[in-house]
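Asker: Handing you a structure now.
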Amino acid sequence: MRRWTYERDLKRAFGSLLLSEISDQMLRELCDRIVARQAPAVAVHAREIVMMVFRYAESRGEKHPNPADRVPPSSIATFAPRDRTLTPAEIKLFYKYLDRTQCAATVRLACKMLLLTLVRKSELTDATWSEIDFKHALWTIPGARMKRRNPHNVYLSRQAMDVLVAFKTCAGGSRYVLPSRYDPDRPMNGATLNAVLVSVAMGIRQESSRKTDWIKAARMAVCPMQELGGNQALAAKNYADGGTRACSGSKSFTAGGATIGSADISVARVQRSGREGRGMADIIQFPPVPNKEKAPPLPPAPVPPSGRLGLRTILWVIATLCWPVLRFIMVCDVLFQLLRALVLWDTPGAHAGWTLLLHYTFFCYLTWFVAYGKPDQLR
């Protein structure tokens, strides 16, 4: 995270400058630009990196005014915890559009696993089989992979255990629960899950009549229980409910003095030095869940056409059942006609070439009929 922040934001701005040339105003302007692109947490992190660099230089005898001391984190963006939870209707909506998203089955199960365990994406993608205890339905995440550097136990529900069994089947001999698609000795990239969640969000956005806070709500499914203040009662409740509750420990941020959250406003703006820019993108929100008493009745399911089977249906069933033998016979027939055409190619009146073309065309049509000509009555 630190290297990524330095390479993207700090190296170009401060990489070629001396420590004495970096001022608090330059740092503030840099943080404002990062906030303007909707990354307030990265802006605070960049300020912390600059502060640590100057402290390290001071410990080595290079004394320079630390610009981070005059740019407090609260002046960049403040964070407030939220108690936002996903309702059963929202989780159902997530499952619905997740099944419509084109991705690998393991990636789709990984997104569901985030809801069932409430862990971070990196904690799931970097998980190894040595951390899973199938006997006691327990997943122990070592402290080295935790944000607070403390080991964490995840009590697995029945649904989570079923997902892990599927992961074990697909992982093969890899030590990772979710190995990379191209290299089994490396874990899956967390950006893969981000891409799937964005695809789900776009699917909801296209079919919804209003913009919803779906991206933020989807991200809340991947937030850990540790950020909820270590609420072990909630963890036990999640285990007892079979992992169907999803609470968020994510935080809304305050930019320019206005608290931004999914339950407050849909679009926020950040004001810095008389300039006005977008603080957040248009936030997608869930469509309101209609009241059960006022919900319109669902249309009846379409009834398949009744009646006796037609001639086409009977022919398709017979051709499909006999297809292995029928295909062998047709291949032999086409080869025979090919040999006949080679032998009689210059014999007048034999029409061997036209006969070969006719037999081959019938073979191709029969192959298409068996593969794609399934009648609607049998679908």
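Here, A, B, ... name the chains of the structure tokens in the order displayed, residue numbers run from 1 inside each chain, and ligands are numbered from 1 in the same displayed order.
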Set the distance at 8 Å and use only C-alpha atoms: which residues neighbour segment 48-56 of chain A once local chain neighbours fewer than 5 positions away are removed? I'd like the list as number ranges by chain.

Answerer: A: 2, 6, 19, 64, 66-69

Asker: Those selected residues, please, written with all heavy atoms and delivered as a PDB file, in the first residue's frame.

Answerer:
ATOM      1  N   ARG A   2       1.903   1.263   0.835  1.00  0.00           N
ATOM      2  CA  ARG A   2       2.778   2.428   0.899  1.00  0.00           C
ATOM      3  C   ARG A   2       3.534   2.607  -0.414  1.00  0.00           C
ATOM      4  O   ARG A   2       3.666   3.735  -0.913  1.00  0.00           O
ATOM      5  CB  ARG A   2       3.750   2.287   2.065  1.00  0.00           C
ATOM      6  CG  ARG A   2       3.082   2.377   3.441  1.00  0.00           C
ATOM      7  CD  ARG A   2       4.095   2.161   4.539  1.00  0.00           C
ATOM      8  NE  ARG A   2       3.464   2.232   5.855  1.00  0.00           N
ATOM      9  CZ  ARG A   2       4.108   1.992   7.014  1.00  0.00           C
ATOM     10  NH1 ARG A   2       5.392   1.664   6.977  1.00  0.00           N
ATOM     11  NH2 ARG A   2       3.459   2.088   8.152  1.00  0.00           N
ATOM     12  N   TYR A   6       3.251   5.804  -2.886  1.00  0.00           N
ATOM     13  CA  TYR A   6       4.439   6.588  -3.250  1.00  0.00           C
ATOM     14  C   TYR A   6       4.629   6.632  -4.755  1.00  0.00           C
ATOM     15  O   TYR A   6       4.873   7.698  -5.334  1.00  0.00           O
ATOM     16  CB  TYR A   6       5.672   5.996  -2.570  1.00  0.00           C
ATOM     17  CG  TYR A   6       6.969   6.602  -3.059  1.00  0.00           C
ATOM     18  CD1 TYR A   6       7.357   7.873  -2.630  1.00  0.00           C
ATOM     19  CD2 TYR A   6       7.774   5.922  -3.964  1.00  0.00           C
ATOM     20  CE1 TYR A   6       8.537   8.446  -3.100  1.00  0.00           C
ATOM     21  CE2 TYR A   6       8.945   6.491  -4.428  1.00  0.00           C
ATOM     22  CZ  TYR A   6       9.334   7.745  -4.000  1.00  0.00           C
ATOM     23  OH  TYR A   6      10.480   8.316  -4.464  1.00  0.00           O
ATOM     24  N   LEU A  19      14.463  17.700   0.982  1.00  0.00           N
ATOM     25  CA  LEU A  19      13.545  17.779   2.106  1.00  0.00           C
ATOM     26  C   LEU A  19      13.262  19.225   2.482  1.00  0.00           C
ATOM     27  O   LEU A  19      12.147  19.565   2.890  1.00  0.00           O
ATOM     28  CB  LEU A  19      14.125  17.024   3.310  1.00  0.00           C
ATOM     29  CG  LEU A  19      14.259  15.502   3.154  1.00  0.00           C
ATOM     30  CD1 LEU A  19      14.826  14.900   4.426  1.00  0.00           C
ATOM     31  CD2 LEU A  19      12.917  14.877   2.828  1.00  0.00           C
ATOM     32  N   HIS A  64      14.762  19.017   9.527  1.00  0.00           N
ATOM     33  CA  HIS A  64      14.004  19.924   8.674  1.00  0.00           C
ATOM     34  C   HIS A  64      12.592  20.032   9.232  1.00  0.00           C
ATOM     35  O   HIS A  64      12.083  19.087   9.855  1.00  0.00           O
ATOM     36  CB  HIS A  64      13.941  19.410   7.233  1.00  0.00           C
ATOM     37  CG  HIS A  64      15.287  19.271   6.582  1.00  0.00           C
ATOM     38  ND1 HIS A  64      15.982  20.338   6.067  1.00  0.00           N
ATOM     39  CD2 HIS A  64      16.071  18.170   6.389  1.00  0.00           C
ATOM     40  CE1 HIS A  64      17.128  19.917   5.566  1.00  0.00           C
ATOM     41  NE2 HIS A  64      17.205  18.600   5.738  1.00  0.00           N
ATOM     42  N   ASN A  66       8.940  19.520   9.597  1.00  0.00           N
ATOM     43  CA  ASN A  66       8.082  18.465   9.045  1.00  0.00           C
ATOM     44  C   ASN A  66       6.795  19.106   8.523  1.00  0.00           C
ATOM     45  O   ASN A  66       5.979  19.620   9.289  1.00  0.00           O
ATOM     46  CB  ASN A  66       7.755  17.436  10.122  1.00  0.00           C
ATOM     47  CG  ASN A  66       7.190  16.158   9.528  1.00  0.00           C
ATOM     48  OD1 ASN A  66       6.577  16.163   8.469  1.00  0.00           O
ATOM     49  ND2 ASN A  66       7.404  15.046  10.228  1.00  0.00           N
ATOM     50  N   PRO A  67       6.551  19.088   7.207  1.00  0.00           N
ATOM     51  CA  PRO A  67       5.327  19.739   6.687  1.00  0.00           C
ATOM     52  C   PRO A  67       4.055  19.040   7.126  1.00  0.00           C
ATOM     53  O   PRO A  67       2.989  19.654   7.147  1.00  0.00           O
ATOM     54  CB  PRO A  67       5.524  19.663   5.167  1.00  0.00           C
ATOM     55  CG  PRO A  67       6.447  18.514   4.954  1.00  0.00           C
ATOM     56  CD  PRO A  67       7.354  18.501   6.135  1.00  0.00           C
ATOM     57  N   ALA A  68       4.147  17.770   7.488  1.00  0.00           N
ATOM     58  CA  ALA A  68       2.949  17.050   7.909  1.00  0.00           C
ATOM     59  C   ALA A  68       2.418  17.540   9.247  1.00  0.00           C
ATOM     60  O   ALA A  68       1.234  17.358   9.551  1.00  0.00           O
ATOM     61  CB  ALA A  68       3.241  15.554   7.991  1.00  0.00           C
ATOM     62  N   ASP A  69       3.282  18.191  10.040  1.00  0.00           N
ATOM     63  CA  ASP A  69       2.817  18.705  11.331  1.00  0.00           C
ATOM     64  C   ASP A  69       1.821  19.845  11.159  1.00  0.00           C
ATOM     65  O   ASP A  69       0.978  20.074  12.036  1.00  0.00           O
ATOM     66  CB  ASP A  69       4.009  19.169  12.165  1.00  0.00           C
ATOM     67  CG  ASP A  69       4.924  18.014  12.564  1.00  0.00           C
ATOM     68  OD1 ASP A  69       4.430  16.859  12.563  1.00  0.00           O
ATOM     69  OD2 ASP A  69       6.117  18.257  12.855  1.00  0.00           O
TER      70      ASP A  69
END

Asker: Enter the distance from atom CA of Trp129 of chain A to atom CA of Cys103 of chain A, in Å, rounded to one decimal.

Answerer: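 Atom CA of Cys103 of chain A lies 23.4 Å from atom CA of Trp129 of chain A.
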
Asker: Have a look at atom CA of Arg100 of chain A and atom CA of Cys170 of chain A and let me know their distance in Å, one decimal.

Answerer: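 Value for the atom CA of Arg100 of chain A-atom CA of Cys170 of chain A distance: 21.1 Å.
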
Asker: Just to confirm, what's the straight-line distance from atom CA of Gly373 of chain A to atom CA of Thr101 of chain A in Å (one decimal)?

Answerer: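 Between these atoms lies a distance of 26.7 Å.
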
Asker: Step one, run DSSP on the backbone; step two, keep only residues of segment 12-208 of chain A assigned to alpha helix (DSSP H); then write them as a CSV table (one decimal) with N, CA and C atoms, in the first residue's frame.

Answerer:
chain,number,residue,atom,x,y,z
A,12,ARG,N,6.2,11.5,-8.2
A,12,ARG,CA,6.2,12.6,-9.2
A,12,ARG,C,6.3,14.0,-8.6
A,13,ALA,N,5.6,14.1,-7.5
A,13,ALA,CA,5.5,15.5,-6.9
A,13,ALA,C,6.7,15.8,-6.0
A,14,PHE,N,7.2,14.8,-5.2
A,14,PHE,CA,8.3,15.1,-4.3
A,14,PHE,C,9.6,14.3,-4.5
A,24,ASP,N,4.6,22.8,3.7
A,24,ASP,CA,3.3,22.3,4.1
A,24,ASP,C,2.2,22.7,3.0
A,25,GLN,N,2.4,23.8,2.3
A,25,GLN,CA,1.4,24.2,1.3
A,25,GLN,C,1.5,23.2,0.1
A,26,MET,N,2.7,22.7,-0.2
A,26,MET,CA,2.8,21.8,-1.3
A,26,MET,C,2.1,20.5,-0.9
A,27,LEU,N,2.3,20.0,0.3
A,27,LEU,CA,1.7,18.8,0.8
A,27,LEU,C,0.2,18.9,0.8
A,28,ARG,N,-0.3,20.1,1.2
A,28,ARG,CA,-1.8,20.3,1.3
A,28,ARG,C,-2.4,20.3,-0.1
A,29,GLU,N,-1.7,20.9,-1.1
A,29,GLU,CA,-2.2,20.9,-2.4
A,29,GLU,C,-2.2,19.5,-3.0
A,30,LEU,N,-1.2,18.7,-2.7
A,30,LEU,CA,-1.2,17.3,-3.2
A,30,LEU,C,-2.3,16.5,-2.6
A,31,CYS,N,-2.5,16.7,-1.3
A,31,CYS,CA,-3.6,16.0,-0.7
A,31,CYS,C,-5.0,16.4,-1.2
A,32,ASP,N,-5.1,17.7,-1.5
A,32,ASP,CA,-6.4,18.2,-2.2
A,32,ASP,C,-6.6,17.5,-3.5
A,33,ARG,N,-5.6,17.4,-4.3
A,33,ARG,CA,-5.7,16.7,-5.6
A,33,ARG,C,-6.1,15.3,-5.5
A,34,ILE,N,-5.6,14.6,-4.5
A,34,ILE,CA,-5.9,13.2,-4.3
A,34,ILE,C,-7.4,13.1,-3.8
A,35,VAL,N,-7.8,14.0,-2.9
A,35,VAL,CA,-9.2,14.0,-2.5
A,35,VAL,C,-10.1,14.3,-3.6
A,36,ALA,N,-9.7,15.2,-4.5
A,36,ALA,CA,-10.6,15.5,-5.6
A,36,ALA,C,-10.8,14.4,-6.6
A,40,PRO,N,-10.0,9.9,-0.5
A,40,PRO,CA,-9.6,10.6,0.7
A,40,PRO,C,-8.7,9.8,1.6
A,41,ALA,N,-8.9,8.5,1.7
A,41,ALA,CA,-8.1,7.6,2.5
A,41,ALA,C,-6.6,7.6,1.9
A,42,VAL,N,-6.5,7.6,0.6
A,42,VAL,CA,-5.1,7.7,0.0
A,42,VAL,C,-4.5,9.0,0.4
A,43,ALA,N,-5.2,10.1,0.4
A,43,ALA,CA,-4.7,11.4,0.7
A,43,ALA,C,-4.1,11.4,2.2
A,44,VAL,N,-4.9,10.8,3.1
A,44,VAL,CA,-4.4,10.7,4.5
A,44,VAL,C,-3.2,9.8,4.6
A,45,HIS,N,-3.2,8.8,3.8
A,45,HIS,CA,-2.0,7.9,3.8
A,45,HIS,C,-0.8,8.5,3.2
A,46,ALA,N,-1.0,9.3,2.2
A,46,ALA,CA,0.2,10.0,1.6
A,46,ALA,C,0.8,11.0,2.6
A,47,ARG,N,-0.1,11.7,3.4
A,47,ARG,CA,0.4,12.6,4.4
A,47,ARG,C,1.2,11.8,5.5
A,48,GLU,N,0.8,10.6,5.8
A,48,GLU,CA,1.5,9.8,6.8
A,48,GLU,C,2.8,9.4,6.3
A,49,ILE,N,2.9,9.1,5.0
A,49,ILE,CA,4.2,8.7,4.5
A,49,ILE,C,5.2,9.8,4.5
A,50,VAL,N,4.8,11.0,4.1
A,50,VAL,CA,5.7,12.2,4.2
A,50,VAL,C,6.1,12.4,5.7
A,51,MET,N,5.2,12.3,6.6
A,51,MET,CA,5.5,12.5,8.0
A,51,MET,C,6.6,11.5,8.5
A,52,MET,N,6.5,10.2,8.1
A,52,MET,CA,7.4,9.2,8.5
A,52,MET,C,8.8,9.4,7.8
A,53,VAL,N,8.8,9.9,6.6
A,53,VAL,CA,10.1,10.2,5.9
A,53,VAL,C,10.8,11.3,6.6
A,54,PHE,N,10.2,12.3,7.0
A,54,PHE,CA,10.8,13.4,7.7
A,54,PHE,C,11.3,13.0,9.1
A,55,ARG,N,10.5,12.1,9.8
A,55,ARG,CA,10.9,11.6,11.1
A,55,ARG,C,12.1,10.7,11.0
A,56,TYR,N,12.2,9.9,10.0
A,56,TYR,CA,13.3,9.1,9.8
A,56,TYR,C,14.6,9.9,9.5
A,57,ALA,N,14.4,11.0,8.7
A,57,ALA,CA,15.5,11.8,8.4
A,57,ALA,C,16.0,12.6,9.7
A,58,GLU,N,15.1,12.9,10.5
A,58,GLU,CA,15.5,13.6,11.7
A,58,GLU,C,16.2,12.7,12.7
A,59,SER,N,15.8,11.4,12.7
A,59,SER,CA,16.5,10.4,13.5
A,59,SER,C,17.9,10.1,13.0
A,73,PRO,N,-4.5,15.4,9.8
A,73,PRO,CA,-5.4,14.6,9.0
A,73,PRO,C,-6.8,15.1,8.9
A,74,SER,N,-7.3,15.7,10.0
A,74,SER,CA,-8.7,16.2,10.0
A,74,SER,C,-8.9,17.3,9.0
A,75,SER,N,-7.9,18.0,8.6
A,75,SER,CA,-8.0,19.0,7.5
A,75,SER,C,-8.1,18.4,6.1
A,76,ILE,N,-7.7,17.2,6.0
A,76,ILE,CA,-7.8,16.5,4.7
A,76,ILE,C,-9.1,15.8,4.6
A,88,PRO,N,-32.0,-8.3,4.2
A,88,PRO,CA,-32.1,-9.5,3.4
A,88,PRO,C,-32.5,-9.3,1.9
A,89,ALA,N,-33.3,-8.2,1.7
A,89,ALA,CA,-33.7,-7.9,0.3
A,89,ALA,C,-32.5,-7.5,-0.5
A,90,GLU,N,-31.6,-6.7,0.1
A,90,GLU,CA,-30.4,-6.3,-0.6
A,90,GLU,C,-29.4,-7.4,-0.9
A,91,ILE,N,-29.3,-8.3,0.1
A,91,ILE,CA,-28.5,-9.5,-0.1
A,91,ILE,C,-29.1,-10.4,-1.3
A,92,LYS,N,-30.4,-10.5,-1.3
A,92,LYS,CA,-31.0,-11.2,-2.4
A,92,LYS,C,-30.8,-10.5,-3.7
A,93,LEU,N,-30.8,-9.2,-3.7
A,93,LEU,CA,-30.5,-8.5,-5.0
A,93,LEU,C,-29.1,-8.7,-5.4
A,94,PHE,N,-28.2,-8.7,-4.4
A,94,PHE,CA,-26.8,-9.0,-4.7
A,94,PHE,C,-26.6,-10.4,-5.4
A,95,TYR,N,-27.2,-11.4,-4.8
A,95,TYR,CA,-27.1,-12.8,-5.3
A,95,TYR,C,-27.7,-12.8,-6.7
A,96,LYS,N,-28.8,-12.2,-6.9
A,96,LYS,CA,-29.5,-12.2,-8.2
A,96,LYS,C,-28.6,-11.7,-9.3
A,97,TYR,N,-28.0,-10.5,-9.1
A,97,TYR,CA,-27.2,-10.0,-10.2
A,97,TYR,C,-25.8,-10.6,-10.2
A,98,LEU,N,-25.4,-11.2,-9.1
A,98,LEU,CA,-24.1,-11.9,-9.2
A,98,LEU,C,-24.2,-13.1,-10.1
A,99,ASP,N,-25.3,-13.8,-10.0
A,99,ASP,CA,-25.5,-15.0,-10.9
A,99,ASP,C,-25.6,-14.6,-12.3
A,100,ARG,N,-26.0,-13.4,-12.6
A,100,ARG,CA,-26.0,-12.9,-14.0
A,100,ARG,C,-24.7,-12.5,-14.6
A,105,ALA,N,-16.7,-19.6,-11.9
A,105,ALA,CA,-17.5,-20.1,-10.8
A,105,ALA,C,-16.8,-19.8,-9.4
A,106,THR,N,-15.5,-20.0,-9.4
A,106,THR,CA,-14.8,-19.7,-8.2
A,106,THR,C,-14.8,-18.3,-7.8
A,107,VAL,N,-14.8,-17.4,-8.8
A,107,VAL,CA,-14.9,-15.9,-8.4
A,107,VAL,C,-16.2,-15.6,-7.9
A,108,ARG,N,-17.3,-16.2,-8.5
A,108,ARG,CA,-18.6,-15.9,-8.0
A,108,ARG,C,-18.8,-16.4,-6.6
A,109,LEU,N,-18.2,-17.6,-6.3
A,109,LEU,CA,-18.3,-18.1,-4.9
A,109,LEU,C,-17.5,-17.3,-4.0
A,110,ALA,N,-16.4,-16.7,-4.4
A,110,ALA,CA,-15.5,-15.9,-3.6
A,110,ALA,C,-16.3,-14.7,-3.1
A,111,CYS,N,-17.1,-14.1,-4.0
A,111,CYS,CA,-17.9,-12.9,-3.7
A,111,CYS,C,-18.9,-13.3,-2.6
A,112,LYS,N,-19.5,-14.5,-2.7
A,112,LYS,CA,-20.5,-14.9,-1.7
A,112,LYS,C,-19.8,-15.2,-0.4
A,113,MET,N,-18.5,-15.7,-0.5
A,113,MET,CA,-17.8,-16.0,0.7
A,113,MET,C,-17.5,-14.7,1.5
A,114,LEU,N,-17.3,-13.6,0.8
A,114,LEU,CA,-17.1,-12.4,1.5
A,114,LEU,C,-18.3,-12.0,2.4
A,115,LEU,N,-19.5,-12.3,1.9
A,115,LEU,CA,-20.7,-12.0,2.7
A,115,LEU,C,-20.8,-13.0,3.9
A,116,LEU,N,-20.4,-14.2,3.7
A,116,LEU,CA,-20.6,-15.2,4.7
A,116,LEU,C,-19.5,-15.1,5.8
A,117,THR,N,-18.4,-14.5,5.5
A,117,THR,CA,-17.3,-14.5,6.5
A,117,THR,C,-17.0,-13.0,7.0
A,121,LYS,N,-11.0,-8.5,1.3
A,121,LYS,CA,-10.7,-9.2,0.1
A,121,LYS,C,-9.3,-9.9,0.1
A,122,SER,N,-8.3,-9.1,0.6
A,122,SER,CA,-6.9,-9.7,0.7
A,122,SER,C,-6.8,-10.8,1.6
A,123,GLU,N,-7.6,-10.8,2.7
A,123,GLU,CA,-7.6,-11.9,3.7
A,123,GLU,C,-8.2,-13.2,3.1
A,124,LEU,N,-9.1,-13.0,2.1
A,124,LEU,CA,-9.7,-14.2,1.5
A,124,LEU,C,-8.8,-14.7,0.3
A,125,THR,N,-8.3,-13.8,-0.5
A,125,THR,CA,-7.5,-14.2,-1.7
A,125,THR,C,-6.2,-14.8,-1.3
A,158,ARG,N,-22.4,-23.3,7.8
A,158,ARG,CA,-22.5,-24.4,6.9
A,158,ARG,C,-22.4,-24.0,5.5
A,159,GLN,N,-22.9,-22.8,5.1
A,159,GLN,CA,-22.8,-22.4,3.8
A,159,GLN,C,-21.3,-22.1,3.4
A,160,ALA,N,-20.6,-21.5,4.4
A,160,ALA,CA,-19.2,-21.2,4.1
A,160,ALA,C,-18.4,-22.5,4.0
A,161,MET,N,-18.7,-23.5,4.7
A,161,MET,CA,-18.0,-24.8,4.6
A,161,MET,C,-18.3,-25.4,3.2
A,162,ASP,N,-19.5,-25.3,2.7
A,162,ASP,CA,-19.8,-25.8,1.4
A,162,ASP,C,-19.0,-25.1,0.3
A,163,VAL,N,-18.8,-23.8,0.5
A,163,VAL,CA,-18.0,-23.0,-0.5
A,163,VAL,C,-16.6,-23.5,-0.4
A,164,LEU,N,-16.1,-23.7,0.8
A,164,LEU,CA,-14.7,-24.1,0.9
A,164,LEU,C,-14.4,-25.5,0.3
A,165,VAL,N,-15.4,-26.4,0.4
A,165,VAL,CA,-15.3,-27.7,-0.3
A,165,VAL,C,-15.2,-27.5,-1.8
A,166,ALA,N,-16.0,-26.6,-2.3
A,166,ALA,CA,-15.9,-26.3,-3.7
A,166,ALA,C,-14.6,-25.7,-4.1
A,167,PHE,N,-14.0,-24.8,-3.3
A,167,PHE,CA,-12.7,-24.2,-3.5
A,167,PHE,C,-11.6,-25.3,-3.5
A,168,LYS,N,-11.8,-26.3,-2.6
A,168,LYS,CA,-10.8,-27.3,-2.5
A,168,LYS,C,-10.8,-28.2,-3.7
A,169,THR,N,-12.0,-28.4,-4.3
A,169,THR,CA,-12.1,-29.2,-5.5
A,169,THR,C,-11.4,-28.5,-6.7
A,170,CYS,N,-11.6,-27.2,-6.7
A,170,CYS,CA,-11.1,-26.5,-7.9
A,170,CYS,C,-9.6,-26.1,-7.7
A,171,ALA,N,-9.1,-26.0,-6.5
A,171,ALA,CA,-7.7,-25.6,-6.2
A,171,ALA,C,-6.7,-26.6,-6.7
A,190,GLY,N,-6.7,-9.5,-6.0
A,190,GLY,CA,-7.9,-8.9,-5.4
A,190,GLY,C,-8.7,-8.0,-6.4
A,191,ALA,N,-8.0,-7.5,-7.5
A,191,ALA,CA,-8.7,-6.7,-8.5
A,191,ALA,C,-9.7,-7.6,-9.2
A,192,THR,N,-9.6,-8.9,-9.2
A,192,THR,CA,-10.6,-9.7,-9.9
A,192,THR,C,-11.9,-9.6,-9.2
A,193,LEU,N,-11.9,-9.6,-7.9
A,193,LEU,CA,-13.2,-9.5,-7.1
A,193,LEU,C,-13.8,-8.1,-7.3
A,194,ASN,N,-12.9,-7.1,-7.4
A,194,ASN,CA,-13.4,-5.7,-7.6
A,194,ASN,C,-14.1,-5.6,-9.0
A,195,ALA,N,-13.5,-6.2,-10.0
A,195,ALA,CA,-14.1,-6.1,-11.3
A,195,ALA,C,-15.5,-6.8,-11.3
A,196,VAL,N,-15.6,-7.9,-10.6
A,196,VAL,CA,-16.9,-8.6,-10.6
A,196,VAL,C,-17.9,-7.7,-9.8
A,197,LEU,N,-17.5,-7.1,-8.7
A,197,LEU,CA,-18.5,-6.3,-7.9
A,197,LEU,C,-18.9,-5.1,-8.8
A,198,VAL,N,-18.0,-4.5,-9.5
A,198,VAL,CA,-18.3,-3.4,-10.4
A,198,VAL,C,-19.3,-3.8,-11.5
A,199,SER,N,-19.1,-5.0,-12.0
A,199,SER,CA,-20.0,-5.6,-13.1
A,199,SER,C,-21.4,-5.8,-12.5
A,200,VAL,N,-21.5,-6.3,-11.3
A,200,VAL,CA,-22.8,-6.4,-10.6
A,200,VAL,C,-23.4,-5.1,-10.4
A,201,ALA,N,-22.6,-4.1,-10.0
A,201,ALA,CA,-23.2,-2.7,-9.8
A,201,ALA,C,-23.7,-2.1,-11.1
A,202,MET,N,-23.0,-2.4,-12.2
A,202,MET,CA,-23.4,-1.8,-13.5
A,202,MET,C,-24.7,-2.5,-13.9
A,203,GLY,N,-24.8,-3.8,-13.7
A,203,GLY,CA,-26.0,-4.5,-14.0
A,203,GLY,C,-27.2,-4.0,-13.3
A,204,ILE,N,-27.1,-3.7,-12.0
A,204,ILE,CA,-28.2,-3.1,-11.3
A,204,ILE,C,-28.5,-1.7,-11.7
A,205,ARG,N,-27.4,-1.0,-12.0
A,205,ARG,CA,-27.6,0.4,-12.5
A,205,ARG,C,-28.4,0.5,-13.8
A,206,GLN,N,-28.1,-0.4,-14.7
A,206,GLN,CA,-28.7,-0.4,-16.0
A,206,GLN,C,-30.2,-0.7,-15.9
A,207,GLU,N,-30.6,-1.6,-15.0
A,207,GLU,CA,-32.0,-2.1,-14.9
A,207,GLU,C,-32.8,-1.3,-13.8
